Every structure is written in C-alpha cells, then in structure tokens.
Amino acid sequence: MSSPPKQNESKGFFAAVSSMFSSAHRSVNGFLGYEGVEVINPEGGKDDAAEEAQRGRWKQEERDGYWKMMQKYIGSDITSMVTLPVIIFEPMTMLQKMAELMEYSYLLDQADESEDPYMQLVYATSWAISVYFAYQRTWKPFNPILGETYEMVNHCGITFLAEQVSHHPPMSAGHAENEHFTYDVTSKLKTKFLGNSVDVYPVGRTRVTLKRDGVTLDLVPPPTKVNNLIFGRTWIDSPGEMIMTNLTTGDKAVLYFQPCGWFGAGRYEVDGYIYNSSEEPKILMTGKWNESMSYQPCDSEGEPLPGTELKEVWHVADVPENDKFQYTHFAHKINSFDTAPKKLLASDSRLRPDRYALEMGDMSKAGAEKSSLEERQRAEKRSREAKGHNFTPRWFDLTEEVTPTPWGELEIYQYNGKYTEHRAAMDNSGCIDDVDVKSMEFNPWQYGNLTTE
C-alpha cells in the first residue's frame with residue numbers, strides 16, 4: 001500500500017514534510033535546574049526556547065509548586081491519579097467534548113447519500129478530522145463523575161447520549177443517531193506524563209454505520225501530545241496516522257497528520273489517500289485540520305488524474321472573536337440548554353456546579369465545588385463497597401467483546417436502546433420540565449444500577 005510522504009520526499013503537489021526539523025530539537029532540557037523539563041516553542045527556533053519557558057498561564061509560585069508535586073509522576077499514566085487545579089480547566093466535561101465531533105455531522109449525511117464508496121470515505125474522514133480544530137484548545141475538560149451523562153438534541157436531527165461507564169479506569173460510552181447514520185464509541189484515554197508534556201493515546205473504538213447501505217466504518221485516530229504543560233505556552237499536536245476502514249468493503253483511508261517542525265513548518269497539515277480493497281490509491285486528500293480538507297481523484301501512483309481538480313469538502317466555520325476558552329459557536333451550544341431535551345436527566349454535565357461556576361468566572365467556587373463532587377464520589381464508592389454492590393451503567397451494557405487497539409486492549413460497551421424506550425416515559429423523579437432545568441441539582445448517583453456481587 002502506498003502511503004503519504006513522511007520524511008523529506010515530496011509526492012505530487014503534497015507539501016514536503018520537514019521531519020529533520022523535529023520540534024524536539026528546539027527545546028530546553030533541565031530548564032533552570034528543573035530536571036525532566038522540555039520546553040518547545042511551535043512558532044520559533046531553538047534559540048528562543050528559554051524565553052518561551054517564561055510564558056504560559058501559570059504564576060511563577062504556582063508553577064514551581066505544581067512542578068514539585070508533578071515531577072514524581074514522570075513516566076506514569078496520570079489519567080485519573082492526580083488532582084488538578086481548576087486554573088487549567090475549561091467549563092466542559094469529557095462527555096461534552098465527545099459531542100463536539102457532531103459539529104460537522106452533515107458530512108456523515110453526505111457520506112450516507114453518496115453512492116461512491118470512495119467518496120463515502122472522503123466525507124467520513126473529513127468529518128473525523130474536523131473536530132481537531134476544537135481539540136486544539138489547551139484547557140482541560142472536567143473528568144465525568146461515575147454515572148454522569150450528557151444529552152444533546154436540536155442539531156442536524158441528531159440524538160446524542162454519552163455516559164461515564166467506569167471510574168477506574170475512566171471510560172465513557174456514546175451513541176448518536178439521525179436518519180442517515182448511527183455513531184457508537186467506547187473511549188478510554190491512556191496517558192504518559194513526560195514532565196512538561198503528556199502523550200495522550202486514544203484507547204477506544206469508534207464505529208459509524210451509514211444507514212442506506214448498511215456500511216460500517218471503523219476509525220483509529222492518531223495519538224496527541226500536549227506540550228508545555230507547566231513551563232511555556234501550552235499547545236497541542238497530533239502527529240501520526242488516522243485510519244478509517246470500511247469494514248463492509250475493505251476500502252480504507254490512511255491520512256498522515258504532519259508533525260510540527262521549526263517555525264511551525266508542517267503544523268496542521270494532513271495528507272493521505274483513499275485506497276480500494278486491493279490497496280490501490282483512488283483519491284488523494286490534503287489540507288489542514290484547522291482550516292479545510294480537499295480531495296482529487298488520483299492514479300495508481302498517487303498522482304492527480306489529468307482533467308481533474310482539487311475540490312474542497314470541508315471548511316472550518318467562523319468562530320467567536322477573543323473567546324476566553326477559545327470556544328467555537330458549537331461548543332457554546334453544547335454548554336447551553338438550547339441543545340438539551342425538554343426532559344433532562346439530573347445526571348447531565350450541564351448541571352455540574354463546578355462547571356457552571358467556572359463558566360461564570362468564579363474560580364474559587366469552581367475549585368470548592370469540584371472538590372466536593374470528588375469527595376462525594378469517593379463516599380458513594382465506599383458505601384457501595386460496604387454493601388457489596390457494583391455499579392453498572394444505565395444506558396450502555398458491558399459486552400464480552402475485548403478488542404485490540406494500537407495502545408492496548410479495550411472492553412466494549414454497547415448502547416442498550418433503553419434511552420430511546422424510556423425517554424418519553426421519564427417522570428419527575430428522573431427528569432424535569434425545561435422550565436425548571438437550570439435550577440435542578442446535579443445528581444449522577446440516582447441513575448446507576450446496583451448489582452450484588
């Protein structure tokens with residue numbers, strides 16, 4: 001299978017990749033005596049990394065104290081083992097961030113409407129790439145409480161539901177559906193703390209089924225690296241391959257996210273091909289994940305076919321100016337009650353008091369509410385264990401399937417259909433009218449099913 005260029009070669013009109021100028025070469029190691037610190041400036045060269053280290057959102061005393069606390073975790077998975085200050089958070093949970101993938105869901109509608117199996121992959125991979133514009137935000141979302149949910153309606157005919165199905169390890173499951181597609185995901189992030197950066201591995205499974213032809217698409221995204229966590233301005237890169245496979249036909253998309261090079265060379269760029277089941281390139285794709293994606297039919301060598309032209313398939317929407325958290329308009333919709341159903345579960349992320357306090361700019365209250373929720377979650381766990389009870393999710397069932405991923409095995413949760421069945425029958429004990437929704441108390445604990453060991 002031919003693949004997009006990854007070193008210093010250039011193929012067709014694809015931009016050459018400046019791999020020799022890897023960002024790792026313009027870092028400061030052991031900055032000011034801090035062992036294990038690597039500071040990387042994505043916009044500059046090697047000589048200005050020391051200056052970059054003085055920048056960022058931390059005050060010096062907070063930065064020094066946090067570094068002393070965190071350095072013992074170097075090399076560890078810190079997904080759920082470290083209590084983090086609200087200064088680095090955004091007013092959104094991981095369940096809501098999962099829903100951001102639905103912003104450009106019209107691309108999946110177009111994939112379902114297309115009769116060309118290669119164009120189905122063009123539309124679907126563009127959809128998968130589109131969310132990286134939102135993922136470049138450097139604020140951390142809140143970890144969901146066990147049993148927490150997020151519901152979204154009133155967007156492109158979609159009903160979206162996500163639930164926190166496990167606390168240790170932290171795992172979420174999601175399901176979305178409209179007349180064109182169904183979307184199912186089991187998500188379990190794995191991290192490796194490297195001092196002033198963290199590698200994030202998407203140990204998960206994402207499946208999209210296009211309803212018209214019954215085609216199932218499987219997505220494997222690239223890993224992500226968060227740079228300059230404590231020293232310097234935090235920024236995000238996702239170098240590596242994104243692979244989407246049509247499990248029905250065997251066709252495949254392989255797209256390469258270029259690494260950031262010196263002075264930002266290559267940053268944001270995505271190049272790749274759509275292959276048929278015989279591993280022959282049929283369509284080339286190119287673009288930037290923070291701007292747009294385009295496609296063009298190609299020959300067996302990956303070169304554009306004569307008489308064809310590059311066509312844009314996706315372009316990022318306009319965003320608010322000077323937004324505090326770099327939110328898109330869609331991210332604001334996710335936080336609002338405009339996308340909530342008329343009857344909302346009390347376990348919904350919108351109702352979290354720490355999230356809401358941070359959204360209102362009250363850092364002190366956000367921190368106190370966050371600590372209170374975390375302590376209540378620990379108390380609920382102690383109570384369950386004392387009674388010999390296990391928590392089981394309400395809307396997703398743990399299957400017997402264990403699937404391999406590039407970063408480890410994954411237990412699969414499957415949407416059980418109960419949300420669709422029960423939604424119309426929800427009563428006042430489990431939901432509220434939209435008139436009262438904003439004053440409801442957040443309560444994820446009343447919904448989980450308890451089983452005896």
# chains A, B, ... in the order shown; residues from 1 in each chain; ligands from 1

call {"tool": "residues_around", "arguments": {"residues": "region 64-79 of chain A", "least_positions_apart": "5", "cutoff": "7 Å", "atoms": "only C-alpha atoms", "output": "list of chain:residue names"}}
result
A:Lys190, A:Thr191, A:Lys192, A:Phe193, A:Leu194, A:Gly195

call {"tool": "residues_around", "arguments": {"residues": "region 80-97 of chain A", "least_positions_apart": "5", "cutoff": "6 Å", "atoms": "only C-alpha atoms", "output": "JSON, numbers by chain"}}
result
{"A": [139, 140, 141, 142, 143, 162, 355, 358, 359, 367]}

call {"tool": "write_last_selection", "arguments": {"atoms": "N, CA and C atoms", "output": "CSV table (one decimal), in the first residue's frame"}}
result
chain,number,residue,atom,x,y,z
A,139,TRP,N,-7.2,24.0,27.2
A,139,TRP,CA,-7.8,23.8,28.6
A,139,TRP,C,-8.3,22.4,28.7
A,140,LYS,N,-8.2,21.9,29.9
A,140,LYS,CA,-8.6,20.5,30.2
A,140,LYS,C,-10.1,20.4,30.6
A,141,PRO,N,-10.8,19.5,30.0
A,141,PRO,CA,-12.2,19.3,30.4
A,141,PRO,C,-12.3,18.6,31.7
A,142,PHE,N,-13.4,18.8,32.5
A,142,PHE,CA,-13.6,18.1,33.7
A,142,PHE,C,-13.8,16.6,33.5
A,143,ASN,N,-13.2,15.7,34.4
A,143,ASN,CA,-13.4,14.3,34.3
A,143,ASN,C,-14.9,14.1,34.8
A,162,ALA,N,-24.2,10.4,26.0
A,162,ALA,CA,-22.9,9.8,26.5
A,162,ALA,C,-23.1,9.6,28.0
A,355,ARG,N,-18.6,23.1,37.0
A,355,ARG,CA,-18.5,23.5,35.6
A,355,ARG,C,-19.2,24.9,35.4
A,358,LEU,N,-17.2,27.8,37.0
A,358,LEU,CA,-16.1,28.2,36.1
A,358,LEU,C,-16.6,29.0,34.9
A,359,GLU,N,-17.7,28.6,34.3
A,359,GLU,CA,-18.3,29.3,33.2
A,359,GLU,C,-18.6,30.7,33.6
A,367,GLY,N,-13.4,25.6,42.2
A,367,GLY,CA,-12.5,24.7,42.9
A,367,GLY,C,-13.2,24.0,44.1

call {"tool": "residues_around", "arguments": {"residues": "Glu103 (chain A)", "least_positions_apart": "3", "cutoff": "12 Å", "atoms": "only C-alpha atoms", "output": "MDAnalysis selection string"}}
result
chainID A and resid 96:100 106:108 126:134 152 154:158 160 314:317 328:334

call {"tool": "write_last_selection", "arguments": {"atoms": "N, CA, C and O atoms", "output": "compact mmCIF listing (two decimals), in the first residue's frame"}}
result
# COMPACT_ATOMS: atom_id res chain seq x y z
N GLN A 96 -19.12 16.10 27.20
CA GLN A 96 -19.50 17.16 26.27
C GLN A 96 -18.48 17.29 25.15
O GLN A 96 -18.86 17.55 23.99
N LYS A 97 -17.21 17.11 25.47
CA LYS A 97 -16.18 17.20 24.44
C LYS A 97 -16.36 16.09 23.41
O LYS A 97 -16.06 16.28 22.22
N MET A 98 -16.86 14.92 23.84
CA MET A 98 -17.16 13.85 22.89
C MET A 98 -18.20 14.31 21.88
O MET A 98 -18.15 13.94 20.70
N ALA A 99 -19.14 15.14 22.34
CA ALA A 99 -20.22 15.60 21.46
C ALA A 99 -19.73 16.60 20.42
O ALA A 99 -20.41 16.83 19.41
N GLU A 100 -18.56 17.21 20.63
CA GLU A 100 -18.06 18.18 19.66
C GLU A 100 -17.81 17.55 18.29
O GLU A 100 -17.76 18.25 17.28
N TYR A 106 -23.07 16.87 9.19
CA TYR A 106 -23.64 16.87 7.84
C TYR A 106 -22.74 16.11 6.86
O TYR A 106 -23.22 15.60 5.83
N LEU A 107 -21.44 16.01 7.19
CA LEU A 107 -20.54 15.24 6.33
C LEU A 107 -20.88 13.76 6.35
O LEU A 107 -20.73 13.07 5.34
N LEU A 108 -21.35 13.26 7.48
CA LEU A 108 -21.80 11.86 7.54
C LEU A 108 -23.12 11.69 6.79
O LEU A 108 -23.35 10.64 6.19
N SER A 126 -13.19 13.41 6.52
CA SER A 126 -13.23 14.86 6.72
C SER A 126 -14.00 15.19 8.00
O SER A 126 -13.62 16.10 8.75
N TRP A 127 -15.08 14.45 8.24
CA TRP A 127 -15.82 14.59 9.49
C TRP A 127 -14.92 14.29 10.69
O TRP A 127 -14.90 15.03 11.67
N ALA A 128 -14.16 13.21 10.61
CA ALA A 128 -13.29 12.81 11.72
C ALA A 128 -12.18 13.83 11.96
O ALA A 128 -11.76 14.07 13.10
N ILE A 129 -11.69 14.46 10.89
CA ILE A 129 -10.62 15.45 11.00
C ILE A 129 -11.15 16.77 11.55
O ILE A 129 -10.45 17.48 12.28
N SER A 130 -12.39 17.10 11.23
CA SER A 130 -12.94 18.42 11.55
C SER A 130 -12.89 18.75 13.04
O SER A 130 -12.74 19.91 13.42
N VAL A 131 -12.99 17.76 13.90
CA VAL A 131 -13.05 18.03 15.34
C VAL A 131 -11.70 18.47 15.90
O VAL A 131 -11.64 19.04 17.00
N TYR A 132 -10.61 18.25 15.16
CA TYR A 132 -9.29 18.63 15.68
C TYR A 132 -9.14 20.14 15.82
O TYR A 132 -8.31 20.60 16.62
N PHE A 133 -9.92 20.90 15.09
CA PHE A 133 -9.90 22.35 15.30
C PHE A 133 -10.34 22.66 16.73
O PHE A 133 -9.73 23.51 17.40
N ALA A 134 -11.36 21.98 17.21
CA ALA A 134 -11.83 22.18 18.59
C ALA A 134 -10.88 21.55 19.59
O ALA A 134 -10.69 22.06 20.70
N MET A 152 -27.81 15.55 23.96
CA MET A 152 -27.88 16.66 23.02
C MET A 152 -28.91 16.35 21.94
O MET A 152 -28.92 15.25 21.36
N ASN A 154 -31.60 18.80 18.92
CA ASN A 154 -31.73 20.07 18.20
C ASN A 154 -30.49 20.45 17.41
O ASN A 154 -30.13 21.62 17.29
N HIS A 155 -29.81 19.42 16.86
CA HIS A 155 -28.67 19.69 15.98
C HIS A 155 -28.66 18.63 14.87
O HIS A 155 -28.40 17.46 15.12
N CYS A 156 -29.00 19.06 13.65
CA CYS A 156 -28.97 18.20 12.47
C CYS A 156 -29.79 16.91 12.66
O CYS A 156 -29.44 15.87 12.11
N GLY A 157 -30.85 17.00 13.44
CA GLY A 157 -31.71 15.84 13.64
C GLY A 157 -31.10 14.74 14.49
O GLY A 157 -31.60 13.62 14.53
N ILE A 158 -30.00 15.06 15.18
CA ILE A 158 -29.26 14.05 15.95
C ILE A 158 -29.78 13.96 17.37
O ILE A 158 -30.10 14.96 18.01
N PHE A 160 -27.98 12.62 20.72
CA PHE A 160 -26.66 12.22 21.21
C PHE A 160 -26.76 11.93 22.69
O PHE A 160 -27.36 12.69 23.46
N TRP A 314 -14.55 20.20 3.08
CA TRP A 314 -14.89 20.74 4.41
C TRP A 314 -14.09 22.00 4.67
O TRP A 314 -12.94 22.11 4.26
N HIS A 315 -14.73 22.95 5.33
CA HIS A 315 -14.05 24.18 5.73
C HIS A 315 -14.53 24.54 7.13
O HIS A 315 -15.72 24.46 7.43
N VAL A 316 -13.61 24.97 7.98
CA VAL A 316 -13.97 25.29 9.36
C VAL A 316 -14.92 26.48 9.39
O VAL A 316 -14.80 27.42 8.60
N ALA A 317 -15.88 26.43 10.30
CA ALA A 317 -16.85 27.51 10.44
C ALA A 317 -16.22 28.70 11.15
O ALA A 317 -15.18 28.59 11.81
N THR A 328 -15.68 27.36 20.06
CA THR A 328 -16.41 27.58 18.82
C THR A 328 -17.85 27.93 19.18
O THR A 328 -18.29 27.80 20.33
N HIS A 329 -18.61 28.37 18.18
CA HIS A 329 -20.04 28.62 18.43
C HIS A 329 -20.73 27.32 18.84
O HIS A 329 -21.63 27.33 19.70
N PHE A 330 -20.31 26.22 18.26
CA PHE A 330 -20.92 24.94 18.58
C PHE A 330 -20.61 24.52 20.02
O PHE A 330 -21.46 23.94 20.71
N ALA A 331 -19.40 24.81 20.50
CA ALA A 331 -19.05 24.49 21.89
C ALA A 331 -19.96 25.24 22.85
O ALA A 331 -20.38 24.69 23.89
N HIS A 332 -20.28 26.49 22.53
CA HIS A 332 -21.22 27.24 23.37
C HIS A 332 -22.61 26.59 23.33
O HIS A 332 -23.31 26.55 24.35
N LYS A 333 -23.02 26.09 22.17
CA LYS A 333 -24.31 25.41 22.08
C LYS A 333 -24.33 24.15 22.93
O LYS A 333 -25.34 23.83 23.56
N ILE A 334 -23.20 23.44 22.96
CA ILE A 334 -23.11 22.22 23.77
C ILE A 334 -23.32 22.53 25.24
O ILE A 334 -23.95 21.76 25.97

call {"tool": "closest_atom_pairs", "arguments": {"of": "region 140-249 of chain A", "to": "region 259-268 of chain A", "cutoff": "10 Å", "atoms": "only C-alpha atoms", "output": "JSON lines"}}
result
{"residue": "A:Ile236", "atom": "CA", "partner": "A:Cys260", "partner_atom": "CA", "distance": 9.7}
{"residue": "A:Asp237", "atom": "CA", "partner": "A:Pro259", "partner_atom": "CA", "distance": 7.1}
{"residue": "A:Ser238", "atom": "CA", "partner": "A:Pro259", "partner_atom": "CA", "distance": 7.2}
{"residue": "A:Pro239", "atom": "CA", "partner": "A:Pro259", "partner_atom": "CA", "distance": 4.7}
{"residue": "A:Gly240", "atom": "CA", "partner": "A:Pro259", "partner_atom": "CA", "distance": 7.6}

call {"tool": "write_last_selection", "arguments": {"atoms": "all heavy atoms", "output": "PDB file, in the first residue's frame"}}
result
ATOM      1  N   ILE A 236      -0.901  21.974  21.367  1.00  0.00           N
ATOM      2  CA  ILE A 236      -1.245  20.577  21.099  1.00  0.00           C
ATOM      3  C   ILE A 236      -0.882  20.201  19.675  1.00  0.00           C
ATOM      4  O   ILE A 236      -1.082  20.979  18.737  1.00  0.00           O
ATOM      5  CB  ILE A 236      -2.747  20.343  21.362  1.00  0.00           C
ATOM      6  CG1 ILE A 236      -3.039  20.507  22.859  1.00  0.00           C
ATOM      7  CG2 ILE A 236      -3.201  18.962  20.883  1.00  0.00           C
ATOM      8  CD1 ILE A 236      -4.504  20.423  23.221  1.00  0.00           C
ATOM      9  N   ASP A 237      -0.377  18.986  19.518  1.00  0.00           N
ATOM     10  CA  ASP A 237      -0.062  18.444  18.197  1.00  0.00           C
ATOM     11  C   ASP A 237      -0.531  16.986  18.166  1.00  0.00           C
ATOM     12  O   ASP A 237      -0.569  16.323  19.205  1.00  0.00           O
ATOM     13  CB  ASP A 237       1.445  18.523  17.939  1.00  0.00           C
ATOM     14  CG  ASP A 237       1.795  18.524  16.462  1.00  0.00           C
ATOM     15  OD1 ASP A 237       0.892  18.744  15.638  1.00  0.00           O
ATOM     16  OD2 ASP A 237       2.982  18.320  16.139  1.00  0.00           O
ATOM     17  N   SER A 238      -0.896  16.496  17.002  1.00  0.00           N
ATOM     18  CA  SER A 238      -1.372  15.108  16.865  1.00  0.00           C
ATOM     19  C   SER A 238      -0.686  14.416  15.690  1.00  0.00           C
ATOM     20  O   SER A 238      -1.342  13.994  14.725  1.00  0.00           O
ATOM     21  CB  SER A 238      -2.898  15.080  16.672  1.00  0.00           C
ATOM     22  OG  SER A 238      -3.570  15.607  17.787  1.00  0.00           O
ATOM     23  N   PRO A 239       0.630  14.283  15.736  1.00  0.00           N
ATOM     24  CA  PRO A 239       1.332  13.664  14.602  1.00  0.00           C
ATOM     25  C   PRO A 239       1.094  12.163  14.533  1.00  0.00           C
ATOM     26  O   PRO A 239       1.059  11.476  15.550  1.00  0.00           O
ATOM     27  CB  PRO A 239       2.803  13.975  14.912  1.00  0.00           C
ATOM     28  CG  PRO A 239       2.860  14.068  16.403  1.00  0.00           C
ATOM     29  CD  PRO A 239       1.551  14.673  16.819  1.00  0.00           C
ATOM     30  N   GLY A 240       0.922  11.675  13.321  1.00  0.00           N
ATOM     31  CA  GLY A 240       0.725  10.233  13.140  1.00  0.00           C
ATOM     32  C   GLY A 240      -0.391   9.943  12.159  1.00  0.00           C
ATOM     33  O   GLY A 240      -0.924  10.836  11.491  1.00  0.00           O
TER      34      GLY A 240
END

call {"tool": "select_by_dssp", "arguments": {"residues": "region 158-284 of chain A", "states": "strand (DSSP E)", "output": "ChimeraX atom specification"}}
result
/A:158-166,171-177,181-193,198-210,215-220,224-227,235-237,240-246,252-257,269-275,281-284

call {"tool": "residues_around", "arguments": {"residues": "Leu210 (chain A)", "least_positions_apart": "4", "cutoff": "7 Å", "atoms": "only C-alpha atoms", "output": "list of chain:residue names"}}
result
A:Asp112, A:His180, A:Phe181, A:Thr182, A:Gly214, A:Val215, A:Thr216

call {"tool": "select_by_dssp", "arguments": {"residues": "region 241-453 of chain A", "states": "alpha helix (DSSP H)", "output": "ChimeraX atom specification"}}
result
/A:329-335,353-359,363-386,418-422

call {"tool": "residues_around", "arguments": {"residues": "Ala53 (chain A)", "least_positions_apart": "5", "cutoff": "9 Å", "atoms": "only C-alpha atoms", "output": "ChimeraX atom specification"}}
result
/A:28,31,38-41,48,228,230-233

call {"tool": "residues_around", "arguments": {"residues": "Leu121 (chain A)", "least_positions_apart": "3", "cutoff": "12 Å", "atoms": "only C-alpha atoms", "output": "ChimeraX atom specification"}}
result
/A:107-108,110-112,114-118,124-129,208,210,215-219,243-247,249-255,272-276,282-285,295,313

call {"tool": "closest_residue", "arguments": {"among": "A:Tyr419, A:Trp445, A:Trp407, A:Trp235", "to": "Ala379 (chain A)", "atoms": "only C-alpha atoms"}}
result
A:Trp445

call {"tool": "closest_residue", "arguments": {"among": "A:Asp184, A:Glu241, A:Glu179, A:Glu421", "to": "Lys211 (chain A)", "atoms": "only C-alpha atoms"}}
result
A:Glu179

call {"tool": "closest_residue", "arguments": {"among": "A:Val226, A:Leu344, A:Leu351, A:Ala173", "to": "Glu411 (chain A)", "atoms": "only C-alpha atoms"}}
result
A:Ala173

call {"tool": "closest_residue", "arguments": {"among": "A:Thr403, A:Lys370, A:Tyr135, A:Lys381", "to": "His168 (chain A)", "atoms": "only C-alpha atoms"}}
result
A:Lys381

call {"tool": "atom_distance", "arguments": {"atom1": "CA of Arg57 (chain A)", "atom2": "CA of Pro222 (chain A)"}}
result
27.0 Å

call {"tool": "closest_residue", "arguments": {"among": "A:Met102, A:Leu229, A:Met440, A:Leu310", "to": "Cys298 (chain A)", "atoms": "only C-alpha atoms"}}
result
A:Leu310

call {"tool": "closest_residue", "arguments": {"among": "A:Arg352, A:Gln120, A:Asp199, A:Tyr415", "to": "Ala176 (chain A)", "atoms": "only C-alpha atoms"}}
result
A:Tyr415
